[in-house]
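Each remark here refers to the structure printed beneath this line.
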Amino acid sequence: MSEGQIHLFSLGALLTMLLSLLDENIVATAAWPIAQDLDPAGGLGAIPWLITAYALAATASQPLYGKLSDTLGPRRVYLFSVLVFLLGSALCGTATHMGELIAYRALQGLGGGGLMSLTLIILATVYPPRQGTGGGGMGMGGGLVALGILAGPLLGGFLTEHLSWRWIFYVNLPLGAVSVAITLATLRLPHRATGHRVDVTGAALVTAGATGLLLVAEWGGSHYAWSSAPILALGAGSTALLIVFCWWETRVAEPILPMSLFRDPVFRIAAPLQFIGGFAVLAAPLFIVAYLQIARGVEAGDAGLRLAPVAAGVMVVMGVSGLVITRFGRYKPLLVANTAIATLALALFGTVDTHTSGLTLGLLLVLLGIGLGGVVQVVLQTAQAAAPPGSLGVITTGTRFFLMLGKACGAAVLGAVLDHRYSGHPGTAPAVHSYVLATDTVFRCAAGVMLAGLALALLIPDVRLSAPDPLPATAATSPATADADATAPADAPQPST
């Protein structure tokens, strides 16, 4: 690819990332108007499934996308995921009842699961994380992550109020079409002939097992008691499926998530660290928004704007991190520092009360944003930098699978902690005080979990950058070296402790 093609594709890739980030935040704002329109009588109870159906499909499909990327090439699978996402978006806009919309949201999530992961895989191919360009892709994405945090709720509210809730889905179509056109015109990756087979059985096992665990996290403590028979049976069945999946992956010739990855010292720590980051840090903004509304009296529409310091922290750390990694050629010191900041931010949030000043809250939100962007992104880049040859796809989607699973579990488990600690009647002063104390408990629990993440960050091998490979003079112009079907293998990892 020429420099112009790389830059133009990067813009299209960032547009795809924006689609993914917007859709994670935009639907929550319009959920109540959707329920009132499609099912005024019983739609309220189905609102959580508008979020859950998308999350289930997006999370469970991660390992399959990684394997397909490594076998078929990321370009084909990337285009497939975008087209499925756009199809789901178009169908969501035509839904006539809540059940239909939830089914279309699951289809949209199936495509959406590949938007961010495959974009990261391709950017890691174009900007190799172990070479002198390390961090280039990270800096580009920082502004998009921040924009997604802010723009999702705002755009959802605007479209719902001035047009229709259906436009929160229709708006994806022109943006996605531009991304597809840019990809077709610019993305050229080195060809590597493959004759691989997809592990369909493994994909079915991990999808069923992960879906079951997410349902346990979603239903436990809300629809059913944690000790109830449905939750215990679903938890045991899901665990059994995942155990069978692990066994199957050791037997099949071409597994979608090779168990050998866990023998790698970097991935073995990066996977649980991503889960912890999702559990403790990514789930935190959900409780901050509720705290602002209940304890501070902030209007629902303004609560999203109050997260601007989080977006600023994300933007700063993702921009600075790329420069720091490139300058010093190391990942671990930055990862440890960001994990420590995330732990500190969560612990300090555990001390807030109704008298905490707005300035203090803003500073804590900035710290949380630094921890959020730093932990999630630097862990991923460390795992990518140490990826064995031909395994960039499964490494990327494997780590993101644990991240998304952690976020879903964290939202559910920490929500159960909040419900357990909270008592009182809404609108009364004792109830507000009780809610603040319950929220403090949630953040202290999250800080405790993140402390375990800090211990893992201290144990991860320190992967170093290597010098960039020289680019042949004809590489940018010779069509014989360009093909859209597969990616070149990454360099072998060289971790040092």
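We name chains A, B, ... following the order of the structure tokens; residues begin at 1 in each chain, and ligands are numbered from 1 as shown.
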Write out as a PyMOL selection string the residues lying within 7 Å of stretch 353-365 of chain A, counting only C-alpha atoms and excluding same-chain residues fewer than 3 positions away.
-> chain A and resi 295+309-310+345+368-369+436
Pick out the residues sitting within 8 Å of stretch 209-216 of chain A, and hand them over as a ChimeraX atom specification; count only C-alpha atoms, and ignore anything fewer than 3 positions along from it in its own chain.
-> /A:56-57,59-60,205-206,219-220,231,234-235,237-242,405,408-409
Convert the current residue selection to file output with C-alpha atoms, as a PDB file, in the first residue's frame.
```pdb
ATOM      1  CA  LEU A  56     -24.282 -11.332  23.668  1.00  0.00           C
ATOM      2  CA  ALA A  57     -23.816 -11.667  19.909  1.00  0.00           C
ATOM      3  CA  THR A  59     -19.014 -10.965  22.642  1.00  0.00           C
ATOM      4  CA  ALA A  60     -19.637 -14.579  21.683  1.00  0.00           C
ATOM      5  CA  LEU A 205     -19.371 -24.425  22.010  1.00  0.00           C
ATOM      6  CA  VAL A 206     -17.749 -21.117  22.972  1.00  0.00           C
ATOM      7  CA  TRP A 219     -30.332 -12.392  35.246  1.00  0.00           C
ATOM      8  CA  GLY A 220     -28.646 -13.154  38.572  1.00  0.00           C
ATOM      9  CA  ILE A 231     -29.216 -19.543  37.715  1.00  0.00           C
ATOM     10  CA  LEU A 234     -27.485 -22.176  33.682  1.00  0.00           C
ATOM     11  CA  GLY A 235     -24.145 -21.448  35.345  1.00  0.00           C
ATOM     12  CA  GLY A 237     -24.305 -25.848  32.047  1.00  0.00           C
ATOM     13  CA  SER A 238     -22.364 -22.881  30.659  1.00  0.00           C
ATOM     14  CA  THR A 239     -19.254 -23.835  32.618  1.00  0.00           C
ATOM     15  CA  ALA A 240     -19.513 -27.404  31.344  1.00  0.00           C
ATOM     16  CA  LEU A 241     -19.778 -26.156  27.752  1.00  0.00           C
ATOM     17  CA  LEU A 242     -16.667 -24.021  28.164  1.00  0.00           C
ATOM     18  CA  LEU A 405     -17.010 -10.614  28.859  1.00  0.00           C
ATOM     19  CA  ALA A 408     -20.787  -7.543  30.950  1.00  0.00           C
ATOM     20  CA  CYS A 409     -20.015  -9.486  34.120  1.00  0.00           C
TER      21      CYS A 409
END
```
From a DSSP calculation on the backbone, collect every residue of stretch 303-473 of chain A in helix (DSSP H, G or I) and output the set as a VMD selection string.
-> chain A and resid 303 to 305 308 to 328 332 to 349 358 to 385 392 to 421 429 to 459
